[in-house]
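Student: Structure file start.txt (compact mmCIF, C-alpha atoms and all ligand atoms) right here:
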```
# COMPACT_ATOMS: atom_id res chain seq x y z
CA PRO A 1 22.78 -5.45 -16.96
CA SER A 2 23.04 -5.70 -13.19
CA ALA A 3 24.32 -8.77 -11.34
CA ALA A 4 20.78 -9.45 -10.19
CA GLN A 5 19.55 -9.52 -13.77
CA GLY A 6 21.89 -12.33 -14.85
CA ILE A 7 21.17 -14.32 -11.71
CA ALA A 8 17.41 -13.84 -12.05
CA GLN A 9 17.42 -14.96 -15.70
CA LYS A 10 19.24 -18.17 -14.78
CA ALA A 11 16.45 -19.22 -12.41
CA LYS A 12 14.07 -21.57 -14.23
CA THR A 13 11.63 -22.25 -11.37
CA LEU A 14 10.27 -20.37 -8.36
CA ALA A 15 12.43 -22.59 -6.11
CA ASP A 16 15.54 -21.66 -8.17
CA LEU A 17 14.67 -17.99 -7.84
CA HIS A 18 14.14 -18.27 -4.09
CA ALA A 19 17.54 -19.95 -3.71
CA ALA A 20 19.25 -17.39 -5.95
CA ILE A 21 17.81 -14.45 -3.98
CA SER A 22 18.76 -16.07 -0.67
CA ALA A 23 22.38 -16.41 -1.88
CA PHE A 24 22.53 -12.89 -3.36
CA ASN A 25 24.68 -10.14 -1.84
CA ALA A 26 22.38 -7.11 -1.83
CA GLY A 27 24.86 -4.99 0.14
CA GLU A 28 23.33 -3.00 2.98
CA LEU A 29 19.95 -4.71 2.48
CA SER A 30 21.10 -8.31 2.83
CA ASP A 31 23.79 -7.33 5.39
CA SER A 32 21.26 -5.96 7.86
CA ALA A 33 18.45 -8.48 7.28
CA ARG A 34 18.22 -11.88 8.96
CA GLN A 35 17.18 -13.57 5.73
CA ALA A 36 15.62 -12.96 2.34
CA VAL A 37 11.82 -12.96 2.27
CA PHE A 38 10.39 -14.62 -0.84
CA ALA A 39 6.68 -15.50 -0.90
CA ARG A 40 3.79 -17.15 0.88
CA GLY A 41 0.42 -18.54 -0.17
CA ASN A 42 -0.36 -20.82 -3.08
CA PRO A 43 2.20 -20.89 -5.95
CA ASN A 44 -0.60 -22.08 -8.24
CA ALA A 45 -3.04 -19.30 -7.29
CA ASP A 46 -4.38 -17.07 -10.10
CA ILE A 47 -3.67 -13.88 -8.14
CA MET A 48 -0.19 -12.53 -7.30
CA VAL A 49 -0.11 -9.85 -4.59
CA ILE A 50 2.96 -7.58 -4.62
CA GLY A 51 3.73 -5.42 -1.57
CA GLU A 52 6.62 -3.19 -0.60
CA ALA A 53 9.24 -4.66 1.75
CA PRO A 54 9.47 -6.99 4.74
CA GLY A 55 9.24 -5.59 8.25
CA VAL A 56 10.50 -7.01 11.53
CA ASN A 57 8.00 -9.90 11.66
CA GLU A 58 8.61 -10.91 8.06
CA ASP A 59 12.38 -10.72 8.53
CA ARG A 60 12.12 -13.08 11.48
CA ALA A 61 9.79 -15.59 9.78
CA GLY A 62 11.13 -15.38 6.23
CA LYS A 63 7.60 -14.86 4.93
CA PRO A 64 5.86 -11.72 3.62
CA PHE A 65 2.91 -9.94 5.24
CA ILE A 66 2.65 -11.96 8.44
CA GLY A 67 2.70 -9.12 11.02
CA PRO A 68 -0.26 -6.87 11.91
CA THR A 69 -0.19 -5.16 8.49
CA GLY A 70 -0.30 -8.55 6.78
CA GLN A 71 -3.14 -9.72 9.01
CA PHE A 72 -5.07 -6.62 8.00
CA LEU A 73 -4.34 -7.38 4.33
CA ASP A 74 -5.65 -10.94 4.87
CA ARG A 75 -8.88 -9.51 6.32
CA ILE A 76 -9.25 -7.17 3.34
CA PHE A 77 -9.04 -10.11 0.90
CA ALA A 78 -11.25 -12.25 3.14
CA SER A 79 -13.97 -9.58 2.76
CA ILE A 80 -14.51 -10.89 -0.79
CA GLY A 81 -13.95 -14.53 0.16
CA LEU A 82 -10.28 -14.84 -0.83
CA THR A 83 -8.05 -16.98 1.38
CA ASP A 84 -4.36 -17.94 1.33
CA ASP A 85 -5.24 -20.68 -1.12
CA ASP A 86 -6.42 -18.07 -3.67
CA LEU A 87 -3.36 -15.84 -3.32
CA TYR A 88 0.38 -15.85 -3.91
CA ILE A 89 1.93 -13.03 -1.88
CA THR A 90 5.34 -11.36 -2.26
CA ASN A 91 7.12 -7.97 -2.14
CA VAL A 92 9.18 -5.79 -4.49
CA ILE A 93 12.02 -5.69 -1.94
CA ASN A 94 13.33 -9.05 -0.70
CA TRP A 95 15.03 -7.86 2.51
CA ARG A 96 13.90 -5.81 5.50
CA PRO A 97 15.42 -2.35 4.93
CA PRO A 98 17.79 -1.21 7.71
CA GLY A 99 15.85 0.38 10.56
CA ASP A 100 12.63 -0.16 8.58
CA ARG A 101 13.40 2.86 6.44
CA SER A 102 11.38 3.27 3.25
CA PRO A 103 12.91 1.54 0.24
CA THR A 104 15.09 3.93 -1.78
CA PRO A 105 15.01 4.13 -5.59
CA GLU A 106 18.35 2.23 -5.45
CA ASP A 107 16.77 -0.59 -3.41
CA VAL A 108 13.96 -0.83 -5.96
CA ALA A 109 16.39 -0.84 -8.90
CA LEU A 110 18.47 -3.54 -7.20
CA CYS A 111 15.49 -5.84 -6.60
CA LEU A 112 13.57 -5.11 -9.82
CA PRO A 113 15.08 -8.00 -11.87
CA PHE A 114 14.00 -10.40 -9.11
CA ILE A 115 10.37 -9.32 -8.97
CA GLN A 116 10.18 -9.21 -12.78
CA ARG A 117 11.53 -12.76 -13.00
CA HIS A 118 9.23 -13.76 -10.13
CA ILE A 119 6.22 -12.58 -12.18
CA ALA A 120 7.52 -14.21 -15.39
CA LEU A 121 7.96 -17.60 -13.66
CA LYS A 122 4.77 -17.44 -11.60
CA LYS A 123 2.61 -16.32 -14.57
CA PRO A 124 -0.31 -14.95 -12.51
CA LYS A 125 -3.65 -14.30 -14.22
CA LEU A 126 -4.14 -11.17 -12.08
CA ILE A 127 -1.75 -8.97 -10.10
CA ILE A 128 -2.49 -6.69 -7.14
CA LEU A 129 -0.01 -3.83 -6.76
CA VAL A 130 -0.16 -3.00 -3.05
CA GLY A 131 1.00 0.56 -2.40
CA GLY A 132 3.02 3.22 -4.17
CA VAL A 133 6.38 1.41 -4.11
CA SER A 134 4.93 -1.61 -5.88
CA MET A 135 3.08 0.59 -8.40
CA GLY A 136 6.22 2.69 -8.97
CA ALA A 137 8.44 -0.35 -9.50
CA LEU A 138 6.20 -2.12 -12.03
CA THR A 139 4.44 0.72 -13.88
CA THR A 140 5.29 4.24 -15.04
CA LEU A 141 2.45 5.70 -12.95
CA LYS A 142 2.88 8.15 -10.09
CA GLY A 143 0.59 9.35 -7.31
CA ILE A 144 -1.37 6.49 -5.81
CA THR A 145 -4.25 8.67 -4.56
CA LYS A 146 -5.08 9.27 -8.24
CA THR A 147 -4.31 5.80 -9.59
CA ARG A 148 -5.76 3.45 -6.97
CA GLY A 149 -8.65 1.45 -8.30
CA GLN A 150 -7.21 1.44 -11.82
CA TRP A 151 -6.43 -1.73 -13.76
CA VAL A 152 -3.20 -1.53 -15.76
CA ASP A 153 -1.24 -4.13 -17.71
CA VAL A 154 2.00 -5.26 -16.10
CA ALA A 155 4.52 -7.00 -18.35
CA ALA A 156 7.52 -8.98 -17.14
CA GLY A 157 9.58 -11.01 -19.57
CA GLU A 158 7.16 -12.93 -21.78
CA HIS A 159 4.29 -12.65 -19.33
CA SER A 160 1.74 -9.91 -18.92
CA ALA A 161 -1.34 -9.65 -16.72
CA PRO A 162 -3.93 -7.07 -15.64
CA ALA A 163 -2.90 -5.44 -12.36
CA LEU A 164 -5.13 -3.61 -9.87
CA ILE A 165 -3.54 -0.72 -7.94
CA VAL A 166 -4.63 -0.49 -4.28
CA TYR A 167 -3.58 1.40 -1.18
CA HIS A 168 -1.10 -0.22 1.15
CA PRO A 169 -2.78 -1.63 4.29
CA ALA A 170 -0.21 0.16 6.51
CA TYR A 171 -1.41 3.44 4.98
CA LEU A 172 -5.05 2.52 5.61
CA LEU A 173 -4.24 1.82 9.27
CA ARG A 174 -3.16 5.47 9.50
CA ARG A 175 -5.99 6.72 7.26
CA PRO A 176 -9.10 4.71 8.18
CA ASP A 177 -11.17 7.32 6.30
CA LEU A 178 -9.79 5.77 3.08
CA LYS A 179 -10.96 2.22 3.84
CA ALA A 180 -14.06 2.73 1.67
CA ASP A 181 -11.76 3.09 -1.35
CA MET A 182 -10.24 -0.31 -0.54
CA TRP A 183 -13.72 -1.82 -0.31
CA ARG A 184 -14.55 -0.40 -3.77
CA ASP A 185 -11.30 -1.86 -5.10
CA MET A 186 -12.11 -5.29 -3.63
CA LEU A 187 -15.49 -5.19 -5.39
CA SER A 188 -13.65 -4.39 -8.63
CA LEU A 189 -11.36 -7.37 -7.99
CA ARG A 190 -14.32 -9.62 -7.28
CA ALA A 191 -15.96 -8.53 -10.56
CA LYS A 192 -12.73 -9.18 -12.49
CA ILE A 193 -12.45 -12.67 -11.00
CA ALA A 194 -16.07 -13.40 -11.98
CA ASP A 195 -15.38 -12.15 -15.55
CA MET A 196 -12.34 -14.42 -15.76
CA LYS A 197 -14.34 -17.47 -14.62
CA ASN A 198 -17.03 -16.75 -17.21
CA GLY A 199 -14.39 -16.92 -19.92
N1 LIG B 201 4.52 -4.51 4.37
C1 LIG B 201 4.82 -4.94 3.12
O1 LIG B 201 4.72 -4.23 2.15
N2 LIG B 201 5.23 -6.20 3.00
C2 LIG B 201 5.35 -7.04 4.02
O2 LIG B 201 5.73 -8.18 3.80
C3 LIG B 201 5.04 -6.56 5.31
C4 LIG B 201 4.63 -5.29 5.47
```
As structure tokens, please, write out the structure in this file.

Tutor:
Amino acid sequence: PSAAQGIAQKAKTLADLHAAISAFNAGELSDSARQAVFARGNPNADIMVIGEAPGVNEDRAGKPFIGPTGQFLDRIFASIGLTDDDLYITNVINWRPPGDRSPTPEDVALCLPFIQRHIALKKPKLIILVGGVSMGALTTLKGITKTRGQWVDVAAGEHSAPALIVYHPAYLLRRPDLKADMWRDMLSLRAKIADMKNG
């Protein structure tokens, strides 16, 4: 087991886990970042949103998805009436990668025990896997253009929850022709939430 695994297991609350990640030496990742980025939104929300990695804005603020990409993600959720109060938002990678490079498989492996523990402690009713890195870290699926829109079960520790795979908003900013797929996926999310409320 990795160092992260032991440290993650010791955390008994979200606050413990945040503190443990902030104190963790993640080598190049934590060396080059200003701070660890943990989560934002409502810790009691039913829905846990899992993105890729912090960027420059998130690194500065210590909160995920607060730059232009995050604002776009907020608008996407707002299209079906979801606000910050309905969502708990985090990333697979806890530090801004050096030079904003894409996370490597090693970065993902390093941070995986933390996001798994994060899910196990948070116990969301629904998960949104935002982008290919998030999907790749938490499922065995590959190729997001084929898998987006699918609901899959994600298990972490004792907890498991249905997870919807969606495109990353940064990708949609480059490929506005794919925004209709995101709209379809938001309708699927809205239907799932309605199902959940009806028992
Ligand atoms: N992109 C992500 O995946 N996460 C962030 O927090 C910001 C941009």

Student: Which residue, A:Ile47, A:Ala137, A:Val92, A:Leu178, has the smallest gap to Ala161 (chain A) when you use all atoms listed in the file?

Tutor: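 Looking only at the distances to Ala161 (chain A), the closest residue turns out to be A:Ile47.
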
Student: Dump the neighbourhood of ligand LIG 201 (chain B) as a ChimeraX atom specification: all residues within 8 Å, distances computed on only C-alpha atoms and all ligand atoms.

Tutor: /A:37,50-55,57-58,63-67,69-70,90-91,130-131,168-170

Student: Please determine, counting all atoms listed in the file, which residue among A:Val49, A:Leu110, A:Ala61, A:Met182 has the shortest atom-to-atom distance to Ile7 (chain A).

Tutor: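 The shortest atom-to-atom distance to Ile7 (chain A) comes from A:Leu110.
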
Student: In Å to one decimal, how far is CA of Gln116 (chain A) from CA of Arg184 (chain A)?

Tutor: 27.8 Å

Student: Do you have the CA of Arg190 (chain A)-CA of Ile165 (chain A) distance handy?

Tutor: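 Between CA of Arg190 (chain A) and CA of Ile165 (chain A) the gap works out to 14.0 Å.
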
Student: With only C-alpha atoms as the atoms that count, which of A:Leu17, A:Ile76, A:Ile128, A:Val56 lies nearest to Asp153 (chain A)?

Tutor: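 Smallest distance to Asp153 (chain A) is found for A:Ile128.
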
Student: Would you work out the distance separating CA of Ile89 (chain A) from CA of Phe38 (chain A), expressed in Å to one decimal?

Tutor: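 About the pair CA of Ile89 (chain A) and CA of Phe38 (chain A): they are 8.7 Å apart.
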
Student: Point out the residue among A:Val108, A:Phe114, A:Lys122, A:Met48 with the least atom-to-atom distance to Leu87 (chain A), counting all atoms listed in the file.

Tutor: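 For Leu87 (chain A), the nearest of the given residues is A:Met48.
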
Student: Please complete region 146-163 of chain A so it has N, CA and C atoms, and hand it over as an mmCIF file, in the frame of the given file.

Tutor:
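This is the output file rebuild_0.cif:
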```
data_model
loop_
_atom_site.group_PDB
_atom_site.id
_atom_site.type_symbol
_atom_site.label_atom_id
_atom_site.label_comp_id
_atom_site.auth_asym_id
_atom_site.auth_seq_id
_atom_site.Cartn_x
_atom_site.Cartn_y
_atom_site.Cartn_z
ATOM 1 N N LYS A 146 -4.371 9.115 -6.964
ATOM 2 C CA LYS A 146 -5.080 9.270 -8.240
ATOM 3 C C LYS A 146 -5.235 7.937 -8.972
ATOM 4 N N THR A 147 -4.323 7.014 -8.752
ATOM 5 C CA THR A 147 -4.310 5.800 -9.590
ATOM 6 C C THR A 147 -4.985 4.603 -8.936
ATOM 7 N N ARG A 148 -5.195 4.634 -7.627
ATOM 8 C CA ARG A 148 -5.760 3.450 -6.970
ATOM 9 C C ARG A 148 -7.137 3.146 -7.560
ATOM 10 N N GLY A 149 -7.391 1.866 -7.671
ATOM 11 C CA GLY A 149 -8.650 1.450 -8.300
ATOM 12 C C GLY A 149 -8.521 1.209 -9.785
ATOM 13 N N GLN A 150 -7.405 1.654 -10.381
ATOM 14 C CA GLN A 150 -7.210 1.440 -11.820
ATOM 15 C C GLN A 150 -6.632 0.049 -12.087
ATOM 16 N N TRP A 151 -7.048 -0.510 -13.219
ATOM 17 C CA TRP A 151 -6.430 -1.730 -13.760
ATOM 18 C C TRP A 151 -5.452 -1.326 -14.837
ATOM 19 N N VAL A 152 -4.224 -1.821 -14.754
ATOM 20 C CA VAL A 152 -3.200 -1.530 -15.760
ATOM 21 C C VAL A 152 -2.533 -2.856 -16.145
ATOM 22 N N ASP A 153 -1.966 -2.910 -17.345
ATOM 23 C CA ASP A 153 -1.240 -4.130 -17.710
ATOM 24 C C ASP A 153 0.176 -4.070 -17.175
ATOM 25 N N VAL A 154 0.603 -5.144 -16.538
ATOM 26 C CA VAL A 154 2.000 -5.260 -16.100
ATOM 27 C C VAL A 154 2.648 -6.362 -16.918
ATOM 28 N N ALA A 155 3.782 -6.021 -17.544
ATOM 29 C CA ALA A 155 4.520 -7.000 -18.350
ATOM 30 C C ALA A 155 5.847 -7.289 -17.687
ATOM 31 N N ALA A 156 6.222 -8.567 -17.686
ATOM 32 C CA ALA A 156 7.520 -8.980 -17.140
ATOM 33 C C ALA A 156 8.006 -10.148 -17.975
ATOM 34 N N GLY A 157 9.114 -9.963 -18.657
ATOM 35 C CA GLY A 157 9.580 -11.010 -19.570
ATOM 36 C C GLY A 157 8.494 -11.274 -20.608
ATOM 37 N N GLU A 158 8.153 -12.539 -20.784
ATOM 38 C CA GLU A 158 7.160 -12.930 -21.780
ATOM 39 C C GLU A 158 5.733 -12.811 -21.259
ATOM 40 N N HIS A 159 5.615 -12.582 -19.942
ATOM 41 C CA HIS A 159 4.290 -12.650 -19.330
ATOM 42 C C HIS A 159 3.706 -11.257 -19.123
ATOM 43 N N SER A 160 2.392 -11.151 -19.344
ATOM 44 C CA SER A 160 1.740 -9.910 -18.920
ATOM 45 C C SER A 160 0.369 -10.238 -18.328
ATOM 46 N N ALA A 161 -0.079 -9.396 -17.409
ATOM 47 C CA ALA A 161 -1.340 -9.650 -16.720
ATOM 48 C C ALA A 161 -1.952 -8.325 -16.273
ATOM 49 N N PRO A 162 -3.289 -8.266 -16.184
ATOM 50 C CA PRO A 162 -3.930 -7.070 -15.640
ATOM 51 C C PRO A 162 -3.592 -6.935 -14.150
ATOM 52 N N ALA A 163 -3.284 -5.697 -13.748
ATOM 53 C CA ALA A 163 -2.900 -5.440 -12.360
ATOM 54 C C ALA A 163 -3.785 -4.347 -11.777
#
```
